[in-house]
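Everything on this sheet refers to the single structure shown next.
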Amino acid sequence: MKHIHFISISLLLFLFAGTVQSYGCTAAVISGKATADGRPLLWKHRDTDMLDNRLEHFKGAVYSFTGLVNSSGSIAPGASDSDREVWIGVNTAGFALMNTASYNLNDDDVPSSLMDREGILIYKALGICKDLSDFECFLDTLSRPIGVQATFGAIDAYGGAAIYEAGNFSYVKYDANDVGTAPDGYIVFTNFSFSGRSEDRLGYERYMTASSIFDETWNKGKGFTPDFIFDSLSRSYRNEFTGADYNRDYAEMKELGFCSGIIPEQDFIPRRSTSASVVVQGVREGEDPLHSVMWAVLGYPVCGTAIPVPVSESEILPGYMKSSCMSANSLMCDLALSIKYSHVFRFELSNGKNYMDISSVFPSGEEKCSLLSCSISSDRRIRELFLPLYRKYLSGNISREQFLISYLRMSPTFLKIYEEELKNFIR
């Protein structure tokens, strides 16, 4: 067993007796002992009804940080202007934090007007917390009810990696460095809490799939990387419960006449409601926290590309990843969503929204160009451009100022690479 896992077969059958439509996320906290380079990873594959996402840089009370926000409505309803919402972010202390909705924690009479404060909590914590200990102190001192029902994942620059299942009045911590909890140093989670009510464990299908993919890779002796997460999880059309794996079998299924290319959209990790996939790559204990990097795919992952964004005290976000004077949306997210609705989720009539067209996602027969191959190729080319510069910075061969100047000059090329690779799909 490579992650927390306790559920009965009878409960599993109960969960699959019907389909519950809900928004949530698939996520993982990965300690340094489970990664290829010894640096922890924090992953959030976001599902939401707010599909227009962008990155934003903030000056917190103590630390600056970069976070994923809704392009519109990023200030919570009824909240003050200072109560911003962030869904995953990393600060200049190397502390990173994210959440997934949990549907089996609270069983109280707290009014809905006091709930849904998860994004506000993340925003505030990233501005003041240096490490897991600070975050726990922050949780302890919040007034009750907290207004959350979520699992928060966190890593820090001191080797910390953990999840916190937090309800209105208490929280439970699971440490990814505790061999009794996470024998191999990683914890996968979706939209239920292990400490919550067993009858309301939503998102278990995605939990099964993500857990299996992580375990299979780990059992092959491979450490995890950001590109593994994007390629093998956020772009995976596998359903562990049904046994379907279109990444593996689509070409053969099409050749044999078993699949026309149009399939039900049911419990894959990437869903119609997916808005982003983000991996924060932290630092080893004792390393400069400013070596942390956020890798972000805005929009639908198979239609987008992973852009590296270094942690910084000042705002260095590429223009296409943030808002502009012309729009609150990011250009990159707009491009990915346009491809998504033109090629994958292109059906609107009747029950069309429940179906997806994967004929553009996978190559088959003589076809050489597909959304999957093009997005992966775009990621690879961007890494090949960014990583040599980044390694010079890590090794001390260039100063931080030189690194950031070079990054700002380089980052427009990332967009050009994406547009070149996805040119057959961009309208």
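Chain labels run A, B, ... following the order of the structure tokens; each chain numbers its residues from 1, and ligands are numbered from 1 in the order shown.
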Can you pull out every residue within 9 Å of Pro40 of chain A, counting only C-alpha atoms, but drop anything in the same chain fewer than 2 positions away, and send it as an mmCIF file with N, CA, C and O atoms, in the first residue's frame?
data_model
loop_
_atom_site.group_PDB
_atom_site.id
_atom_site.type_symbol
_atom_site.label_atom_id
_atom_site.label_comp_id
_atom_site.auth_asym_id
_atom_site.auth_seq_id
_atom_site.Cartn_x
_atom_site.Cartn_y
_atom_site.Cartn_z
ATOM 1 N N VAL A 29 0.321 15.122 -2.597
ATOM 2 C CA VAL A 29 1.461 15.694 -1.894
ATOM 3 C C VAL A 29 2.571 14.659 -1.951
ATOM 4 O O VAL A 29 2.369 13.507 -1.561
ATOM 5 N N ILE A 30 3.745 15.063 -2.435
ATOM 6 C CA ILE A 30 4.839 14.129 -2.664
ATOM 7 C C ILE A 30 6.083 14.640 -1.952
ATOM 8 O O ILE A 30 6.592 15.723 -2.273
ATOM 9 N N SER A 31 6.576 13.888 -0.994
ATOM 10 C CA SER A 31 7.775 14.312 -0.271
ATOM 11 C C SER A 31 9.010 14.122 -1.146
ATOM 12 O O SER A 31 8.978 13.429 -2.169
ATOM 13 N N GLY A 32 10.111 14.710 -0.720
ATOM 14 C CA GLY A 32 11.344 14.644 -1.504
ATOM 15 C C GLY A 32 11.868 13.234 -1.707
ATOM 16 O O GLY A 32 12.543 12.968 -2.704
ATOM 17 N N LYS A 33 11.550 12.329 -0.799
ATOM 18 C CA LYS A 33 12.078 10.967 -0.948
ATOM 19 C C LYS A 33 11.415 10.205 -2.086
ATOM 20 O O LYS A 33 11.912 9.139 -2.490
ATOM 21 N N ALA A 34 10.314 10.742 -2.636
ATOM 22 C CA ALA A 34 9.609 10.060 -3.721
ATOM 23 C C ALA A 34 9.786 10.749 -5.070
ATOM 24 O O ALA A 34 9.166 10.326 -6.045
ATOM 25 N N THR A 35 10.603 11.783 -5.139
ATOM 26 C CA THR A 35 10.789 12.502 -6.397
ATOM 27 C C THR A 35 12.134 12.174 -7.019
ATOM 28 O O THR A 35 13.037 11.654 -6.360
ATOM 29 N N ASP A 37 14.457 14.208 -8.032
ATOM 30 C CA ASP A 37 15.568 15.077 -7.641
ATOM 31 C C ASP A 37 15.591 15.403 -6.149
ATOM 32 O O ASP A 37 16.359 16.249 -5.702
ATOM 33 N N GLY A 38 14.748 14.751 -5.357
ATOM 34 C CA GLY A 38 14.744 14.985 -3.922
ATOM 35 C C GLY A 38 14.002 16.229 -3.479
ATOM 36 O O GLY A 38 14.023 16.579 -2.298
ATOM 37 N N LEU A 42 3.871 19.428 -5.086
ATOM 38 C CA LEU A 42 2.484 19.622 -4.669
ATOM 39 C C LEU A 42 1.651 19.785 -5.937
ATOM 40 O O LEU A 42 1.895 20.697 -6.720
ATOM 41 N N ILE A 155 3.522 21.844 1.205
ATOM 42 C CA ILE A 155 4.938 21.499 1.296
ATOM 43 C C ILE A 155 5.682 22.745 1.746
ATOM 44 O O ILE A 155 5.180 23.867 1.613
ATOM 45 N N ASP A 156 6.891 22.558 2.300
ATOM 46 C CA ASP A 156 7.686 23.719 2.685
ATOM 47 C C ASP A 156 9.155 23.494 2.338
ATOM 48 O O ASP A 156 9.529 22.454 1.771
ATOM 49 N N ALA A 157 9.982 24.467 2.670
ATOM 50 C CA ALA A 157 11.406 24.415 2.316
ATOM 51 C C ALA A 157 12.247 23.669 3.345
ATOM 52 O O ALA A 157 13.474 23.679 3.254
ATOM 53 N N GLY A 159 11.586 20.303 4.202
ATOM 54 C CA GLY A 159 11.283 18.883 4.061
ATOM 55 C C GLY A 159 9.859 18.520 4.385
ATOM 56 O O GLY A 159 9.474 17.342 4.288
ATOM 57 N N GLY A 160 9.035 19.479 4.767
ATOM 58 C CA GLY A 160 7.653 19.207 5.141
ATOM 59 C C GLY A 160 6.777 18.899 3.942
ATOM 60 O O GLY A 160 6.890 19.546 2.894
ATOM 61 N N ALA A 161 5.879 17.922 4.113
ATOM 62 C CA ALA A 161 4.908 17.558 3.080
ATOM 63 C C ALA A 161 3.756 16.850 3.788
ATOM 64 O O ALA A 161 3.960 15.800 4.412
ATOM 65 N N VAL A 280 3.621 22.544 -7.993
ATOM 66 C CA VAL A 280 4.670 23.348 -7.360
ATOM 67 C C VAL A 280 5.839 22.419 -7.062
ATOM 68 O O VAL A 280 5.683 21.403 -6.391
ATOM 69 N N GLN A 281 6.999 22.778 -7.596
ATOM 70 C CA GLN A 281 8.231 22.035 -7.352
ATOM 71 C C GLN A 281 9.013 22.789 -6.286
ATOM 72 O O GLN A 281 9.498 23.896 -6.515
ATOM 73 N N GLY A 282 9.093 22.208 -5.107
ATOM 74 C CA GLY A 282 9.728 22.882 -3.988
ATOM 75 C C GLY A 282 11.234 22.709 -3.976
ATOM 76 O O GLY A 282 11.857 22.451 -5.012
ATOM 77 N N VAL A 283 11.824 22.838 -2.802
ATOM 78 C CA VAL A 283 13.285 22.766 -2.668
ATOM 79 C C VAL A 283 13.658 21.733 -1.619
ATOM 80 O O VAL A 283 12.861 21.379 -0.748
ATOM 81 N N ARG A 284 14.896 21.253 -1.701
ATOM 82 C CA ARG A 284 15.422 20.376 -0.664
ATOM 83 C C ARG A 284 15.657 21.179 0.616
ATOM 84 O O ARG A 284 15.847 22.399 0.569
#
Could the residues of segment 60-177 of chain A that have an atom at most 6 Å from segment 181-197 of chain A be listed as a tab-separated table, each with its closest atom pair and the distance in Å to one decimal, counting only C-alpha atoms and ordered by chain and ascending residue number?
residue	atom	partner	partner_atom	distance
A:Ala101	CA	A:Asn191	CA	5.4
A:Ser102	CA	A:Asn191	CA	4.5
A:Tyr103	CA	A:Phe192	CA	5.7
A:Asn104	CA	A:Arg197	CA	5.1
A:Leu105	CA	A:Gly196	CA	4.7
A:Ala176	CA	A:Gly185	CA	5.0
A:Asn177	CA	A:Gly185	CA	5.5
Val293 of chain A environment, 10 Å, only C-alpha atoms, sequence neighbours closer than 4 positions dropped, as a PyMOL selection string: chain A and resi 41+66+90+94+279-283+289+307-312+390
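Taking atom CA of Thr92 of chain A and atom CA of Ser72 of chain A as endpoints, the distance between them is 25.5 Å.
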Just checking: using only C-alpha atoms, which residue out of A:Cys129, A:Ala276, A:Cys25, A:Leu408 ends up closest to Arg206 of chain A?
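Under the stated criterion, the closest residue is A:Cys25.
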What's around Tyr123 of chain A at 7 Å? Count only C-alpha atoms, leave out sequence neighbours fewer than 6 positions away in its own chain, and write the answer as a PyMOL selection string. chain A and resi 84-86
Could those residues be written to a file, using N, CA, C and O atoms, as a PDB file, in the first residue's frame?
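New file part_30.pdb:
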ATOM      1  N   ARG A  84      -9.041  37.952  -0.761  1.00  0.00           N
ATOM      2  CA  ARG A  84      -8.910  37.340  -2.073  1.00  0.00           C
ATOM      3  C   ARG A  84      -8.947  35.826  -1.968  1.00  0.00           C
ATOM      4  O   ARG A  84      -8.697  35.251  -0.910  1.00  0.00           O
ATOM      5  N   GLU A  85      -9.246  35.178  -3.091  1.00  0.00           N
ATOM      6  CA  GLU A  85      -9.262  33.716  -3.142  1.00  0.00           C
ATOM      7  C   GLU A  85      -8.122  33.213  -4.016  1.00  0.00           C
ATOM      8  O   GLU A  85      -7.958  33.664  -5.156  1.00  0.00           O
ATOM      9  N   VAL A  86      -7.345  32.275  -3.508  1.00  0.00           N
ATOM     10  CA  VAL A  86      -6.287  31.607  -4.255  1.00  0.00           C
ATOM     11  C   VAL A  86      -6.494  30.114  -4.067  1.00  0.00           C
ATOM     12  O   VAL A  86      -6.815  29.657  -2.961  1.00  0.00           O
TER      13      VAL A  86
END
At what distance in Å, to one decimal, does atom CA of Tyr393 of chain A lie from atom CA of Leu317 of chain A?
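One can read the atom CA of Leu317 of chain A to atom CA of Tyr393 of chain A distance as 18.1 Å.
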Need to verify the contact set: segment 133-148 of chain A, 8 Å, only C-alpha atoms, exclusion of same-chain residues closer than 3 positions in sequence. Can you return it as a list in words?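 Once the nearby chain positions are removed, what remains is Val110, Leu114, Met115, Asp116, Arg117, Glu118, Ala125, Cys129, Lys130, Ala166, Gly167, Asn168 and Phe169 of chain A.
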Would you export the selected residues with all heavy atoms as a JSON list (two decimals), in the first residue's frame, please?
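Written out: selection.json:
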[["chain", "number", "residue", "atom", "x", "y", "z"],
["A", 110, "VAL", "N", -23.75, 24.98, 10.52],
["A", 110, "VAL", "CA", -23.16, 26.25, 10.11],
["A", 110, "VAL", "C", -23.85, 26.73, 8.83],
["A", 110, "VAL", "O", -23.92, 25.98, 7.85],
["A", 110, "VAL", "CB", -21.65, 26.10, 9.87],
["A", 110, "VAL", "CG1", -21.05, 27.40, 9.35],
["A", 110, "VAL", "CG2", -20.96, 25.67, 11.16],
["A", 114, "LEU", "N", -21.56, 31.33, 5.79],
["A", 114, "LEU", "CA", -20.27, 31.34, 6.48],
["A", 114, "LEU", "C", -19.29, 30.30, 5.90],
["A", 114, "LEU", "O", -18.17, 30.17, 6.41],
["A", 114, "LEU", "CB", -20.47, 31.05, 7.98],
["A", 114, "LEU", "CG", -21.29, 32.07, 8.75],
["A", 114, "LEU", "CD1", -21.42, 31.64, 10.22],
["A", 114, "LEU", "CD2", -20.68, 33.46, 8.66],
["A", 115, "MET", "N", -19.72, 29.61, 4.86],
["A", 115, "MET", "CA", -18.89, 28.53, 4.29],
["A", 115, "MET", "C", -18.13, 29.01, 3.05],
["A", 115, "MET", "O", -18.15, 30.18, 2.70],
["A", 115, "MET", "CB", -19.78, 27.33, 3.96],
["A", 115, "MET", "CG", -20.39, 26.67, 5.18],
["A", 115, "MET", "SD", -19.13, 26.04, 6.33],
["A", 115, "MET", "CE", -18.33, 24.80, 5.30],
["A", 116, "ASP", "N", -17.45, 28.07, 2.42],
["A", 116, "ASP", "CA", -16.70, 28.30, 1.17],
["A", 116, "ASP", "C", -15.60, 29.33, 1.34],
["A", 116, "ASP", "O", -15.39, 30.20, 0.49],
["A", 116, "ASP", "CB", -17.64, 28.71, 0.03],
["A", 116, "ASP", "CG", -18.70, 27.66, -0.25],
["A", 116, "ASP", "OD1", -18.37, 26.47, -0.15],
["A", 116, "ASP", "OD2", -19.85, 28.03, -0.56],
["A", 117, "ARG", "N", -14.85, 29.19, 2.44],
["A", 117, "ARG", "CA", -13.76, 30.13, 2.73],
["A", 117, "ARG", "C", -12.38, 29.55, 2.41],
["A", 117, "ARG", "O", -11.36, 30.09, 2.82],
["A", 117, "ARG", "CB", -13.81, 30.51, 4.22],
["A", 117, "ARG", "CG", -15.16, 30.97, 4.73],
["A", 117, "ARG", "CD", -15.53, 32.35, 4.26],
["A", 117, "ARG", "NE", -14.74, 33.38, 4.91],
["A", 117, "ARG", "CZ", -14.91, 34.69, 4.67],
["A", 117, "ARG", "NH1", -15.80, 35.08, 3.78],
["A", 117, "ARG", "NH2", -14.16, 35.57, 5.30],
["A", 118, "GLU", "N", -12.35, 28.44, 1.67],
["A", 118, "GLU", "CA", -11.08, 27.76, 1.42],
["A", 118, "GLU", "C", -10.09, 28.65, 0.66],
["A", 118, "GLU", "O", -8.91, 28.72, 1.01],
["A", 118, "GLU", "CB", -11.32, 26.46, 0.63],
["A", 118, "GLU", "CG", -12.01, 25.37, 1.42],
["A", 118, "GLU", "CD", -13.54, 25.47, 1.40],
["A", 118, "GLU", "OE1", -14.06, 26.43, 0.77],
["A", 118, "GLU", "OE2", -14.20, 24.62, 2.01],
["A", 125, "ALA", "N", -2.94, 32.43, 4.30],
["A", 125, "ALA", "CA", -1.83, 31.61, 4.80],
["A", 125, "ALA", "C", -0.56, 31.83, 3.98],
["A", 125, "ALA", "O", 0.54, 31.88, 4.54],
["A", 125, "ALA", "CB", -2.23, 30.14, 4.78],
["A", 129, "CYS", "N", 2.74, 32.43, 6.22],
["A", 129, "CYS", "CA", 3.28, 31.15, 6.70],
["A", 129, "CYS", "C", 4.62, 30.82, 6.04],
["A", 129, "CYS", "O", 4.75, 30.90, 4.81],
["A", 129, "CYS", "CB", 2.30, 30.02, 6.46],
["A", 129, "CYS", "SG", 0.78, 30.15, 7.44],
["A", 130, "LYS", "N", 5.58, 30.40, 6.87],
["A", 130, "LYS", "CA", 6.90, 30.00, 6.38],
["A", 130, "LYS", "C", 6.98, 28.50, 6.15],
["A", 130, "LYS", "O", 7.71, 28.04, 5.26],
["A", 130, "LYS", "CB", 7.96, 30.42, 7.40],
["A", 130, "LYS", "CG", 9.39, 30.04, 7.04],
["A", 130, "LYS", "CD", 10.38, 30.49, 8.10],
["A", 130, "LYS", "CE", 10.20, 29.74, 9.40],
["A", 130, "LYS", "NZ", 11.26, 30.06, 10.40],
["A", 166, "ALA", "N", -9.63, 19.48, 6.97],
["A", 166, "ALA", "CA", -10.12, 20.55, 7.84],
["A", 166, "ALA", "C", -11.61, 20.77, 7.68],
["A", 166, "ALA", "O", -12.11, 20.97, 6.57],
["A", 166, "ALA", "CB", -9.37, 21.84, 7.54],
["A", 167, "GLY", "N", -12.30, 20.73, 8.81],
["A", 167, "GLY", "CA", -13.70, 21.08, 8.87],
["A", 167, "GLY", "C", -13.88, 22.39, 9.61],
["A", 167, "GLY", "O", -12.93, 23.14, 9.84],
["A", 168, "ASN", "N", -15.08, 22.66, 10.04],
["A", 168, "ASN", "CA", -15.37, 23.93, 10.68],
["A", 168, "ASN", "C", -14.72, 24.10, 12.05],
["A", 168, "ASN", "O", -14.43, 25.23, 12.46],
["A", 168, "ASN", "CB", -16.89, 24.11, 10.82],
["A", 168, "ASN", "CG", -17.51, 24.68, 9.57],
["A", 168, "ASN", "OD1", -16.94, 25.57, 8.96],
["A", 168, "ASN", "ND2", -18.67, 24.17, 9.20],
["A", 169, "PHE", "N", -14.46, 22.99, 12.75],
["A", 169, "PHE", "CA", -14.01, 23.12, 14.13],
["A", 169, "PHE", "C", -12.70, 22.39, 14.44],
["A", 169, "PHE", "O", -12.14, 22.57, 15.52],
["A", 169, "PHE", "CB", -15.11, 22.62, 15.08],
["A", 169, "PHE", "CG", -16.38, 23.40, 14.95],
["A", 169, "PHE", "CD1", -17.42, 22.94, 14.17],
["A", 169, "PHE", "CD2", -16.52, 24.64, 15.57],
["A", 169, "PHE", "CE1", -18.60, 23.67, 14.02],
["A", 169, "PHE", "CE2", -17.69, 25.38, 15.44],
["A", 169, "PHE", "CZ", -18.73, 24.90, 14.65]]
- Write down as a list in words the residues belonging to segment 161-245 of chain A that are assigned strand (DSSP E) by DSSP computed on the backbone.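 The residues of segment 161-245 of chain A classed as strand (DSSP E) are Ala161, Ala162, Ile163, Tyr164, Glu165, Ala166, Tyr171, Val172, Lys173, Tyr174, Asp175, Tyr186, Ile187, Val188, Phe189, Arg238, Asn239, Ala244 and Asp245 of chain A.
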Who sits within 10 Å of Asp267 of chain A, only C-alpha atoms, same chain under 2 positions skipped, as a list in words: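 Near Asp267 of chain A, the qualifying residues are Thr19, Gly203, Tyr204, Glu205, Arg206, Tyr207, Thr209, Tyr237, Arg238, Asn239, Glu240, Phe241, Thr242, Pro264, Glu265, Ile269, Pro270 and Arg271 of chain A.
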Expressed in Å, the length from atom CA of Leu331 of chain A to atom CA of Gly319 of chain A is 8.1 Å
